[in-house]
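Enquirer: File final10.cif below, mmCIF, C-alpha atoms:
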data_input
#
loop_
_atom_site.label_atom_id
_atom_site.label_comp_id
_atom_site.auth_asym_id
_atom_site.auth_seq_id
_atom_site.Cartn_x
_atom_site.Cartn_y
_atom_site.Cartn_z
CA MET W 1 9.26 14.67 9.08
CA ALA W 2 6.19 12.88 7.70
CA ASN W 3 6.43 9.41 6.22
CA LYS W 4 5.13 10.59 2.83
CA PHE W 5 4.39 13.66 0.73
CA TYR W 6 0.84 15.01 0.76
CA ASN W 7 1.23 18.31 -1.11
CA ILE W 8 3.81 19.36 -3.72
CA LEU W 9 4.20 23.00 -4.74
CA VAL W 10 5.35 23.95 -8.24
CA PRO W 11 5.91 27.71 -8.73
CA ILE W 12 4.81 28.63 -12.25
CA ASN W 13 6.17 31.49 -14.37
CA PHE W 14 5.03 30.07 -17.75
CA THR W 15 8.50 29.35 -19.12
CA ALA W 16 9.82 26.16 -20.68
CA ARG W 17 11.52 25.04 -17.47
CA ASN W 18 8.13 24.76 -15.73
CA LYS W 19 7.54 21.62 -17.82
CA TRP W 20 10.49 19.83 -16.19
CA ALA W 21 9.27 20.68 -12.70
CA ILE W 22 5.70 19.61 -13.53
CA THR W 23 6.86 16.32 -15.06
CA LYS W 24 8.90 15.45 -11.97
CA ALA W 25 6.07 16.58 -9.68
CA ILE W 26 3.65 14.22 -11.45
CA GLU W 27 6.11 11.34 -11.15
CA ILE W 28 6.51 11.91 -7.41
CA ALA W 29 2.79 12.60 -6.87
CA ASN W 30 1.88 9.29 -8.52
CA SER W 31 4.36 7.48 -6.28
CA PHE W 32 2.99 9.08 -3.09
CA ASP W 33 -0.64 9.56 -4.19
CA CYS W 34 -0.47 13.26 -3.29
CA ASN W 35 -1.67 16.64 -4.60
CA ILE W 36 0.19 19.16 -6.76
CA HIS W 37 -0.25 22.91 -6.35
CA PHE W 38 0.51 25.18 -9.33
CA VAL W 39 1.14 28.67 -7.91
CA SER W 40 1.88 31.80 -9.93
CA VAL W 41 3.03 35.05 -8.33
CA VAL W 42 2.03 38.17 -10.28
CA HIS W 43 4.67 40.92 -10.67
CA ALA W 44 7.37 38.60 -9.30
CA GLY W 45 10.08 39.28 -11.88
CA ILE W 46 11.97 36.78 -14.02
CA SER W 47 11.98 33.88 -11.57
CA PRO W 48 9.05 32.28 -9.70
CA VAL W 49 11.10 32.42 -6.52
CA LEU W 50 13.03 35.65 -7.09
CA PRO W 51 12.51 38.29 -4.35
CA ILE W 52 12.22 41.37 -6.60
CA GLU W 53 10.11 44.31 -5.46
CA SER W 54 6.94 44.57 -7.53
CA SER W 55 6.21 47.48 -9.83
CA ILE W 56 3.31 49.82 -9.13
CA PHE W 57 0.16 48.84 -11.01
CA THR W 58 -3.34 50.25 -10.98
CA PRO W 59 -6.07 48.01 -9.48
CA TYR W 60 -7.41 47.37 -13.00
CA GLU W 61 -4.01 46.28 -14.32
CA SER W 62 -3.48 44.12 -11.26
CA HIS W 63 -6.85 42.41 -11.66
CA THR W 64 -6.28 41.85 -15.38
CA ASP W 65 -2.87 40.34 -14.70
CA ARG W 66 -4.25 38.00 -12.04
CA MET W 67 -7.06 36.81 -14.31
CA TYR W 68 -4.62 36.22 -17.16
CA HIS W 69 -2.39 34.11 -14.90
CA TYR W 70 -5.39 32.23 -13.54
CA GLU W 71 -6.63 31.33 -17.02
CA ARG W 72 -3.19 30.04 -18.01
CA LEU W 73 -3.00 28.00 -14.81
CA LYS W 74 -6.40 26.48 -15.62
CA GLN W 75 -5.00 25.41 -18.99
CA LEU W 76 -2.05 23.71 -17.30
CA GLN W 77 -4.40 22.08 -14.80
CA SER W 78 -6.53 20.69 -17.61
CA LYS W 79 -3.50 19.51 -19.56
CA TYR W 80 -1.81 17.60 -16.73
CA SER W 81 -4.67 16.38 -14.51
CA SER W 82 -5.17 13.29 -16.64
CA GLN W 83 -1.57 12.22 -15.90
CA LEU W 84 -2.24 11.93 -12.16
CA CYS W 85 -3.11 8.47 -10.89
CA GLY W 86 -4.98 7.62 -7.73
CA GLY W 87 -6.55 10.26 -5.52
CA GLY W 88 -4.17 13.13 -6.20
CA LYS W 89 -5.38 16.33 -7.85
CA ILE W 90 -3.98 19.62 -9.13
CA GLU W 91 -4.82 22.86 -7.29
CA ILE W 92 -4.14 26.29 -8.80
CA SER W 93 -3.59 29.69 -7.14
CA VAL W 94 -2.50 33.17 -8.19
CA LEU W 95 -0.69 35.34 -5.63
CA GLU W 96 0.40 38.96 -5.85
CA GLY W 97 3.43 40.76 -4.44
CA ASP W 98 6.84 39.64 -3.25
CA SER W 99 7.52 36.15 -4.51
CA ILE W 100 9.51 34.61 -1.65
CA THR W 101 7.15 36.02 0.99
CA ASN W 102 4.02 34.87 -0.83
CA LEU W 103 5.35 31.39 -1.52
CA ALA W 104 6.53 31.00 2.08
CA ASP W 105 3.10 32.03 3.35
CA TYR W 106 1.39 29.61 0.95
CA ILE W 107 3.71 26.78 2.03
CA LYS W 108 2.84 27.38 5.68
CA ARG W 109 -0.88 27.94 5.17
CA TYR W 110 -1.49 24.86 3.02
CA THR W 111 1.17 22.61 4.57
CA MET W 112 3.37 21.93 1.57
CA ASP W 113 5.80 19.01 1.89
CA LEU W 114 8.01 19.63 -1.16
CA VAL W 115 8.71 22.45 -3.61
CA ILE W 116 9.90 21.62 -7.15
CA ILE W 117 11.51 24.32 -9.29
CA GLY W 118 12.58 23.96 -12.91
CA LEU W 119 16.09 25.23 -13.64
CA PRO W 120 17.02 26.83 -16.99
CA ARG W 121 19.49 25.12 -19.29
CA PHE W 122 21.60 27.95 -20.61
CA ASN W 123 20.68 31.36 -19.18
CA LEU W 124 23.53 32.19 -16.77
CA LEU W 125 21.69 34.93 -14.87
CA HIS W 126 18.53 32.88 -14.46
CA ARG W 127 20.52 29.86 -13.25
CA VAL W 128 22.40 31.87 -10.61
CA VAL W 129 19.23 33.64 -9.46
CA SER W 130 17.21 30.41 -9.35
CA THR W 131 19.84 28.63 -7.29
CA MET W 132 20.23 31.48 -4.81
CA SER W 133 16.44 31.63 -4.48
CA ILE W 134 16.26 27.89 -3.81
CA GLY W 135 18.62 28.32 -0.86
CA ASN W 136 16.65 31.29 0.44
CA LEU W 137 13.33 29.48 0.18
CA ALA W 138 14.69 26.35 1.88
CA ARG W 139 16.09 28.43 4.76
CA LYS W 140 12.93 30.49 5.15
CA THR W 141 10.42 27.64 5.04
CA GLN W 142 12.47 24.62 6.21
CA ILE W 143 10.71 22.70 3.42
CA PRO W 144 12.78 20.66 0.93
CA VAL W 145 13.23 22.37 -2.44
CA LEU W 146 14.05 20.23 -5.46
CA GLY W 147 15.82 21.90 -8.37
CA ILE W 148 15.30 20.03 -11.62
CA ARG W 149 16.36 20.48 -15.24
CA ALA W 150 15.61 18.41 -18.33
CA SER W 151 18.48 16.00 -17.64
CA GLY W 152 16.88 15.01 -14.34
CA LEU W 153 13.75 13.49 -15.83
CA ILE W 154 15.12 10.18 -17.01
CA CYS W 155 14.22 7.91 -14.10
CA HIS W 156 13.14 7.47 -10.52
CA PHE W 157 15.55 8.15 -7.68
CA LYS W 158 17.42 4.83 -7.57
CA LYS W 159 20.74 6.16 -6.25
CA ILE W 160 20.40 8.83 -3.55
CA ILE W 161 23.56 10.65 -2.48
CA LEU W 162 23.64 12.17 0.99
CA PRO W 163 26.81 14.23 1.65
CA LEU W 164 27.56 14.82 5.34
CA HIS W 165 29.66 17.67 6.73
CA ASN W 166 30.60 17.94 10.43
CA ASP W 167 27.34 16.66 11.83
CA VAL W 168 24.65 14.13 11.04
CA SER W 169 21.52 15.70 9.56
CA VAL W 170 18.68 13.58 10.94
CA ARG W 171 16.08 15.40 8.82
CA ARG W 172 17.90 14.69 5.58
CA ILE W 173 18.52 11.07 6.60
CA LYS W 174 14.82 10.57 7.36
CA MET W 175 13.80 12.10 4.06
CA ALA W 176 16.36 10.08 2.11
CA THR W 177 15.07 6.94 3.82
CA MET W 178 11.47 7.79 2.94
CA LEU W 179 12.36 8.32 -0.72
CA ALA W 180 14.51 5.18 -0.82
CA ARG W 181 11.66 3.08 0.56
CA THR W 182 9.27 4.43 -2.07
CA PHE W 183 11.61 4.08 -5.06
CA ASN W 184 13.53 0.98 -3.91
CA SER W 185 16.69 3.05 -3.83
CA THR W 186 20.18 2.75 -2.38
CA ILE W 187 21.47 5.58 -0.19
CA TYR W 188 25.12 6.58 -0.51
CA MET W 189 26.24 8.59 2.52
CA ILE W 190 29.55 10.31 1.88
CA THR W 191 31.91 12.54 3.83
CA LEU W 192 35.46 13.81 3.43
CA ARG W 193 38.40 12.16 5.19
CA LYS W 194 39.81 14.19 8.07
CA ASN W 195 43.00 14.00 10.12
CA ASP W 196 41.17 12.61 13.15
CA ASN W 197 38.55 9.85 13.33
CA SER W 198 35.57 12.23 13.02
CA ALA W 199 34.72 11.09 9.48
CA GLU W 200 34.35 7.49 10.62
CA LYS W 201 32.13 8.59 13.51
CA ILE W 202 29.89 10.67 11.25
CA ILE W 203 29.39 7.75 8.86
CA ASN W 204 28.78 5.23 11.64
CA ASP W 205 26.25 7.50 13.38
CA ALA W 206 24.42 8.09 10.09
CA LEU W 207 24.37 4.37 9.27
CA GLN W 208 22.86 3.58 12.65
CA ILE W 209 20.07 6.09 12.08
CA VAL W 210 19.20 4.65 8.66
CA GLN W 211 19.28 1.09 9.98
CA SER W 212 16.98 2.07 12.85
CA LEU W 213 14.44 3.40 10.33
CA SER W 214 14.50 0.86 7.53
CA THR W 215 16.20 -2.14 5.94
CA ILE W 216 16.89 -0.28 2.68
CA PRO W 217 20.36 -0.70 1.11
CA VAL W 218 22.80 1.93 2.39
CA GLN W 219 26.52 2.53 1.99
CA GLY W 220 28.81 4.79 3.99
CA ILE W 221 31.82 6.08 2.06
CA ILE W 222 34.73 8.30 3.11
CA LEU W 223 36.21 10.19 0.17
CA GLU W 224 39.41 12.12 -0.41
CA GLY W 225 38.93 15.79 -1.23
CA LYS W 226 39.06 19.36 0.02
CA ASN W 227 35.65 20.66 -1.04
CA LEU W 228 32.51 18.71 -0.15
CA ALA W 229 30.40 20.15 -2.98
CA LYS W 230 32.99 19.41 -5.67
CA THR W 231 33.69 15.91 -4.33
CA THR W 232 29.96 15.16 -4.10
CA LEU W 233 29.41 16.22 -7.69
CA ARG W 234 32.32 14.07 -8.91
CA PHE W 235 31.11 11.05 -6.95
CA ALA W 236 27.53 11.48 -8.21
CA ARG W 237 28.75 11.46 -11.79
CA GLN W 238 30.92 8.39 -11.21
CA ILE W 239 28.05 6.26 -9.92
CA ASN W 240 25.38 7.81 -12.19
CA GLY W 241 23.47 9.13 -9.19
CA ASP W 242 19.83 10.19 -9.47
CA LEU W 243 19.44 12.59 -6.53
CA ILE W 244 21.69 14.66 -4.24
CA MET W 245 20.42 15.97 -0.91
CA ILE W 246 22.11 19.01 0.65
CA ASN W 247 21.72 21.79 3.21
CA PRO W 248 21.89 25.45 2.06
CA LEU W 249 25.26 25.84 3.81
CA LYS W 250 28.57 27.21 2.56
CA GLU W 251 30.03 23.69 2.62
CA PHE W 252 27.83 22.93 -0.38
CA ASN W 253 29.10 25.89 -2.38
CA LEU W 254 31.42 25.08 -5.24
CA PRO W 255 35.00 26.42 -5.04
CA GLY W 256 36.19 29.49 -6.96
CA TRP W 257 35.82 33.25 -6.64
CA TRP W 258 32.76 33.43 -8.92
CA ASN W 259 30.96 30.78 -6.92
CA ARG W 260 31.77 32.56 -3.66
CA PHE W 261 30.60 35.85 -5.14
CA THR W 262 27.25 34.43 -6.23
CA ASN W 263 26.90 32.10 -3.23
CA LYS W 264 26.40 29.36 -5.79
CA LEU W 265 25.11 26.12 -4.34
CA LEU W 266 25.82 22.68 -5.76
CA THR W 267 22.37 22.84 -7.40
CA TYR W 268 23.71 25.25 -10.02
CA ALA W 269 26.37 22.96 -11.51
CA SER W 270 24.63 19.61 -11.16
CA ASN W 271 22.69 18.01 -13.99
CA ILE W 272 21.54 15.52 -11.35
CA PRO W 273 18.49 16.72 -9.38
CA VAL W 274 19.37 18.33 -6.04
CA ILE W 275 17.11 18.67 -3.00
CA THR W 276 17.99 21.55 -0.68
CA LEU W 277 16.64 21.10 2.83
CA GLY W 278 16.98 23.68 5.61
CA LYS W 279 19.37 22.77 8.40
CA HIS W 280 16.89 22.69 11.28
#
The structure in this file should be written as structure tokens.
Expert:
Amino acid sequence: MANKFYNILVPINFTARNKWAITKAIEIANSFDCNIHFVSVVHAGISPVLPIESSIFTPYESHTDRMYHYERLKQLQSKYSSQLCGGGKIEISVLEGDSITNLADYIKRYTMDLVIIGLPRFNLLHRVVSTMSIGNLARKTQIPVLGIRASGLICHFKKIILPLHNDVSVRRIKMATMLARTFNSTIYMITLRKNDNSAEKIINDALQIVQSLSTIPVQGIILEGKNLAKTTLRFARQINGDLIMINPLKEFNLPGWWNRFTNKLLTYASNIPVITLGKH
């Protein structure tokens, strides 16, 4: 993993929640002096990352739709470019077809380092769909995907929570360390207590990795609980955490039949921003 972000992708569907993603993208871009890419996918359904099959349009309708999206992206580019400091700039692109496939191709072609998606406040269907799509995009691209809602815009990432399951995720540790260095943060690595000594080993191994990378403040904490997602969310609220970093694995699904049915990741229930990073 690189030592900084160079390109941030913000999928745009021209809804209110785009503003939250753009605001956070500008904050991060100004900290890393990097570029932001506004990308709109035509005929992609209700979510900018929702894999819905496109309707059939005539070439004229398709062209008109693309031009309309492009003009709206230019307006956003003009509106927000003045908020970027340093050498970063805003790029705009309009894609057509399946949303996940197009975004994944764009991420690979233009070497994106982070995707930021705005999450809706109240719409239940949109929230479930957005969260499922975040997991799919993170798995498909192996690029970190940050889900953000209005409540996540209050500050920089000062308290970063890194829940650990049965193994130590070196990629997530490296990324957490990079963010902590930039924002002068403290990393809280947590895991659940087990009957053997495996929890202690996981924490010790993770601490050694962080200490080999940086001198940033870090704490290793073993918590009581049966579900890692639920315990992580409770701990994050207790310490007023600013960022949670997870894998798109079942261990980060919240308990309950509805959550299992929708494959609902921790991102869905958390008002604290959550980064989902593919396992590998």
Enquirer: Considering all atoms listed in the file, state which residue in the set W:Asn271, W:Phe32, W:Ser133, W:Gln208 is at the smallest distance from Met178 of chain W.
Expert: W:Phe32
Enquirer: Can you spell out as a ChimeraX atom specification the set of residues that the PyMOL selection byres ((chain W and resi 34-38) around 10) selects in the structure I just provided?
Expert: /W:4-13,18,22,25-26,28-33,39-40,73-74,76-77,81,84-94,110,112-115
Enquirer: Go through W:Thr15, W:Ser214, W:Asn136, W:Thr191 and flag the residue nearest His165 of chain W, using all atoms listed in the file for the distances.
Expert: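 The closest residue to His165 of chain W is W:Thr191.
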Enquirer: Taking the file as shown, what set of residues would the PyMOL selection byres ((chain W and resi 245) around 12) give back, as a PyMOL selection string?
Expert: chain W and resi 144-147+157+159-164+169+171-177+179+187-190+229+232-233+236+241-244+246-249+252+265-267+270+272-279
Enquirer: Quote the spacing between atom CA of Ile117 of chain W and atom CA of Ile221 of chain W in Å to one decimal place.
Expert: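 Interatomic distance, atom CA of Ile117 of chain W to atom CA of Ile221 of chain W: 29.6 Å.
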Enquirer: In terms of the shortest atom-to-atom distance over only C-alpha atoms, which of W:Lys24, W:Ser212, W:Tyr68, W:Lys19 is closest to His156 of chain W?
Expert: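 The closest residue to His156 of chain W is W:Lys24.
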Enquirer: Could you tell me, as a compact mmCIF listing (two decimals) with C-alpha atoms, keeping the file's coordinate frame, exactly which residues end up selected when the PyMOL selection byres ((chain W and resi 224) around 9) is applied to this structure?
Expert:
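The result, stored in part12.txt:
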# COMPACT_ATOMS: atom_id res chain seq x y z
CA THR W 191 31.91 12.54 3.83
CA LEU W 192 35.46 13.81 3.43
CA ARG W 193 38.40 12.16 5.19
CA LYS W 194 39.81 14.19 8.07
CA ILE W 222 34.73 8.30 3.11
CA LEU W 223 36.21 10.19 0.17
CA GLY W 225 38.93 15.79 -1.23
CA LYS W 226 39.06 19.36 0.02
CA THR W 231 33.69 15.91 -4.33
